[in-house]
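One structure below.
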Amino acid sequence: MFQVLKSASAVILAFASIGTAVAQSTAYFFDLGPADSPLAEAFTVLDAKGNDIAKWQDGSNISEKAHPLEREWSTNVSSGKGTPPVYRTALNCDFLSSAASTQLTLAVPPGKYRIWALLGHPGGDARQIWTTEISSNSGSDSAAVIGSLGMRQLLLPATADAQGLRLSINTKSKWLLNALAVVPESEWAQVQEKIIAPHWQDASMLPREVLEKWTRLDKTPKFPEPAWSEQQLQNGFAVYHRHWAEPVWPTQFPRPQEFTAPVRAFAAQNEYEPLTFSIYALKDFAKIDLAISPLRNEQGQTLPANDIDLRYVRYMFVRPNYSLFNTYYEAPDVLMPWRPQSLSKGRNLRLWLTVKVAVGTPEGFYRGEAVLTLDNQEYKVPLCLRVLPIVLQKDQELVFGQYYRHPVTSVLAAPDDYSREWWRRKTYAELEHLRASGMNALTAGLWGNKKDGLWRQNFDTLQVIIDLQREYGFNKPQICSFNVGGLYRQYMKSGMGSHLRLIKMPPPEFFAEITEMVRDIETEARNRQWPELLYYPVDEPSTSKDSIEFMTAVMKAIKEVPGVRTYVTADPAHEGYAPLKPYVDVWCCQPFSISREQIQQEMAARPGLEFWCYPNHNSGENDHTPVNGTRMTYGFGFWRSGFRCLVPWIYQSTAGDPWNYLDSSSSDFDVRTDDDGTPIPVTIWEAYREGIDDGRYINTLEKLIRRCQANGLNAEAAAAQADLDLIENSIYVQPKYKFDNLWHPETFDVYRWMLASRIMQLQKIFQP
Amino acid sequence: MRIFSLVSVLLACFLPAGLRSEPADPTAQDQLDNLRLEFLLTPKRWACAESSVVLEEEQSDNPILRQHIAVDHYGGEEKYPIGWPRMYFAVKGDEGKWMDYDSLHFQIQVESSRPDTQKFPLTLQIGSQAKERFYLPLYPVPGEWQNISVSMADVPPPQQIVHFGFNISDSNYQHGEVLNFRFRGFELRRSRMCRVDQLRVTGPAIYTGPAQLNLELCISGPASEAARGVPFQISQGSTILRLETLPVVRGRTSMTMDVSELHLAPGSYTLTAFPGLPELQQDATFTVVKSPWENQQ
């Protein structure tokens, strides 16, 4: 069949193999790439030379590239775990690309068409940004592929005249295309369902023969179907409000009380606040659009339109844990920038507005409307934001960090101007995003070795990172990994293994060199006036006897350098780590594994000792939906814990295709990146910021209490302290706040309001 | 109550010998039924990995299952030398009908070759027909029988159990350490009357005005008794503001209680289940806060 399709006369496709549903079509399907690479069923080859139907513009400088179709897993030596291959199919194993714009002319009969293009998985340079824009005389679409892996699709209308159909293919760096379909408008729905969608699923999830071995789960909390009102049935949709910290699952019914719940919130003057509502479709909608009217207070003052960020919740296919295979489910996750879209019957669309209330915004009740257009129906959702006369403060001793891969390291190595500018934009946009969300620390590392008797470290790279962080107010001690693994390999001629899985005790000279390396780093850090470095030699050492012996010796070697502090990711409550205790200054462990009383006692007994934690259960690593638990971890729970820092793994976890959570050895999670390099938050991320904001309300009140006490206003201070005590005593204290034993989402706001009310009351006392 | 007793008799007639139902103990005879899980005391039915199991005091009224583990950081499964010594039991058919009971009980003890060790973490696993597993970390104490109780409400539904077992993680122990975990007295229990084992107001602070209390309850006892309802009282100090009986559902459940009509003023309140019945009574407090939206639409 492939040979037949390769002939020019067979470009009009016979659909016999696809089934009787599509008996015949006049669509054209092209598999772009070298002529001798695998060809997808029902597609015809289009190489750099073109063919009888599709002709490239003369002089086009187009490259062909093909990758093998792999299905065999390999073993990661360091972790000992299996690693899947890059799953390519006949359609996306090969592609055409160019750094120059070009034109493709298609000899097709006059008429209206839909153009579908598939692009991605180029392999090669991880810093290359591929931008592909296709334009016709009727429309255009574009997408970016970041680095070596990632699949995207384009869809645009086109009209052919007597000379055929012309497509312009443009790029800011390099374009690539794996496949192209030219489908008569009248056949689009059927072709999309029968041909395009399966191929897109193969490319964007897993090839069908792989996916069929996976089990799809349904994790949706079930609510009974509500009694729809006459109006809702007539409209074909129901609009409802659920607290932002409670997920709206793709096919979940609304609860009756949510139909009448108002969309409203309150905020201080230097705070962001979410406003959300959802649409449940009782029939299919081809296009839903949204506009926001100005939010205006009683005096007619408005919030700037630019300060209202409009997004929707994208449902992703996710794994139950980042390292698990073979089961998946659909879950609410990414907060995509708003774009008009369709909505199928029986599914939800959650709209997510984040309002920024800048300092100096007049107080008041700001009211406006979200104006929905569902096909041709208009529907208005009232919105209200109460702005308070409060400027929130923050406990400046607390560290809100993130494990982080600094994009700035890709700027210098990017292969072309556009890619370099893209990585630069990503660098600044992420730092601003982190800062605006309340973060004030990031991890970093130094890499180097000893050559000709001289330690050579990449100090200048870390200098750039530290300078950037300072620019954004990140002023906390710098968690800094350094090249213990490299030195170990030099001595032992093998790797340490993930979590010291393969560790063997090196000779004493190794540890002497560790001391020497740290001394060299510390000397230069002082020379460069860097913030304090926390020396972080190994991540999550195991509790095996060999691992602990090794780690104890390493930490001891670091502490040989006067004045430095060490950092270890291990549980201080685990008795196996007892030998490490004298040499560890900052323990970073699972939250909140030891009691506040123990933390206070141990910190008082040994100056310099701190307890930090990595709340990975709130990062999306094993679940993308514990939004309410994340807010508790970052706010009231953190306040109650006695810990000094939250530093989860990781701001952005990407493995394989960043928009495909199933395709690689570990799942993707947390913040995504838009085509222009700007960050796209996930729902959990918003809970980080809101939790931190809960802490800011607490801290603002605590400072006012101290001010009252300093001024002899003991009754006022006691009343405010009673509020804090009531809140603290109502926390169901637990190590990990995730789903169970949490406050109801609205309770957080009630307590926050209790704090705000008291703040406003005490502020009045001190008003000049 | 008589109907329930009849059901107990019928169950006893048709259940396998290992699932005989009988009163739990003389003092609680009129409140609890129990079901001894004798089938778990059959060593040959346990599938052991990196451990072994035998029965001790076989002829006594309370035989003991002993799991023996020699911690080995270098042996065991090739990919995971620091692995998970374990013993699992495949629960078959009617043996796994635990859903009619409120809780699982047994006793556990540990003996170790390392006298300096303080913690002996062990994990209990219970797997339902839906392939979902419930895990409970246990910390047995050397030389002391510790009572373990697992609420069936915590086990994922359906509570038709197919898997039961224990495992340790080698990483929590030192290489060469020898452990003996002992288990006895496996049984299921159920109350003969509806009980509120847990009452929590998950929204312990609400605004003035239209409001609902969000509650989490754990209800044990016969489902029919739960459906007949539980009396709930809302009070402030000694003033009773409302007393009503609401139907509840057996197991762990959420419900909302509309308190809008009470027009509660700012202050502290108490919600009580089974008020006036000290042996059944459960209390939870909540706070009403003046709304930021008062006098606003």
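If you're wondering about the labels, chains in the structure tokens are A, B, ... by order shown, residues count from 1 in each chain, ligands from 1 in order shown.
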Residues of segment 1-179 of chain B classed as strand (DSSP E or B) by DSSP on the backbone are to be reported as a PyMOL selection string.
chain B and resi 21-23+32-36+46-49+52-56+64-70+86-90+97+103-112+122-128+133-138+141-142+144+146-151+160-167+178-179
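Residues of chain B lying within 7 Å of chain A, counting only C-alpha atoms, are Lys79, Ser171, Gln174, Thr202, Gly203, Pro204, Ala205, Ile206, Tyr207 and Val289 of chain B.
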For those residues, write C-alpha atoms to a file as a compact mmCIF listing (two decimals), in the first residue's frame.
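Here's the written file out28.txt:
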# COMPACT_ATOMS: atom_id res chain seq x y z
CA LYS B 79 18.02 -4.37 41.18
CA SER B 171 17.05 1.30 54.32
CA GLN B 174 21.37 -1.75 59.34
CA THR B 202 -13.50 21.29 58.21
CA GLY B 203 -14.53 24.89 57.95
CA PRO B 204 -14.09 25.87 61.59
CA ALA B 205 -14.54 29.55 60.72
CA ILE B 206 -17.47 30.89 58.71
CA TYR B 207 -18.78 34.32 57.82
CA VAL B 289 -16.61 36.06 61.80
Which residue of A:Asp333, A:Glu524, A:Asp31, A:Glu133 approaches Glu686 of chain A most closely, using only C-alpha atoms
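Among A:Asp333, A:Glu524, A:Asp31, A:Glu133, it is A:Asp333 that comes nearest to Glu686 of chain A.
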Rounded to one decimal place, report the atom CA of Ile650 of chain A-atom CA of Cys613 of chain A distance in Å.
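Value for the atom CA of Ile650 of chain A-atom CA of Cys613 of chain A distance: 12.8 Å.
If you look at atom CA of Ile240 of chain B and atom CA of Val201 of chain B, they are 18.0 Å away from each other.
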Could you tell me how far atom CA of Lys131 of chain B sits from atom CA of Glu78 of chain B, in Å to one decimal place?
26.3 Å
When you look at Ser619 of chain A with a cut-off of 9 Å (counting only C-alpha atoms), what residues show up, excluding the ones that are within fewer than 5 positions of it in the same chain? I need them as a PyMOL selection string.
chain A and resi 624+626+630+648-651+669-670+684-685
Closest to Ile169 of chain A among A:Ser186, A:Ser97, A:Thr89, A:Gln463, using only C-alpha atoms?
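Using only C-alpha atoms, the shortest distance to Ile169 of chain A belongs to A:Ser97.
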All helix (DSSP H, G or I) residues (DSSP, backbone) inside segment 141-191 of chain B, as a list of chain:residue names
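The helix (DSSP H, G or I) residues within segment 141-191 of chain B come out as B:Met152, B:Ala153, B:Asp154, B:Asp170, B:Ser171, B:Asn172.
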Restricted to C-alpha atoms, what would the selected residues look like written as a PDB file, in the first residue's frame?
ATOM      1  CA  MET B 152     -12.255   0.381  57.726  1.00  0.00           C
ATOM      2  CA  ALA B 153     -13.401   3.864  56.744  1.00  0.00           C
ATOM      3  CA  ASP B 154      -9.752   4.598  55.932  1.00  0.00           C
ATOM      4  CA  ASP B 170      15.858  -2.298  54.359  1.00  0.00           C
ATOM      5  CA  SER B 171      17.047   1.303  54.322  1.00  0.00           C
ATOM      6  CA  ASN B 172      15.523   1.830  57.763  1.00  0.00           C
TER       7      ASN B 172
END
Out of A:Gln598, A:Gln490, A:Asn440, A:Gln763, which residue has the shortest atom-to-atom distance to Val647 of chain A when counting only C-alpha atoms?
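Nearest candidate to Val647 of chain A out of A:Gln598, A:Gln490, A:Asn440, A:Gln763: A:Asn440.
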Option closest in space to Arg86 of chain B, from B:Gly221, B:Gly165, B:Pro275, B:Pro231 [counting only C-alpha atoms]:
B:Gly165
Residues near Ile558 of chain A, anyone? I mean within 8 Å using only C-alpha atoms, not counting same-chain ones fewer than 2 positions away, as a list in words.
Ile514, Thr515, Val518, Tyr535, Val554, Met555, Lys556, Glu560, Val561, Val564 and Thr566 of chain A
My list of candidates is A:Ile765, A:Ala261, A:Leu434, A:Ala720. Which is closest to Tyr688 of chain A when distances are computed with only C-alpha atoms?
A:Leu434
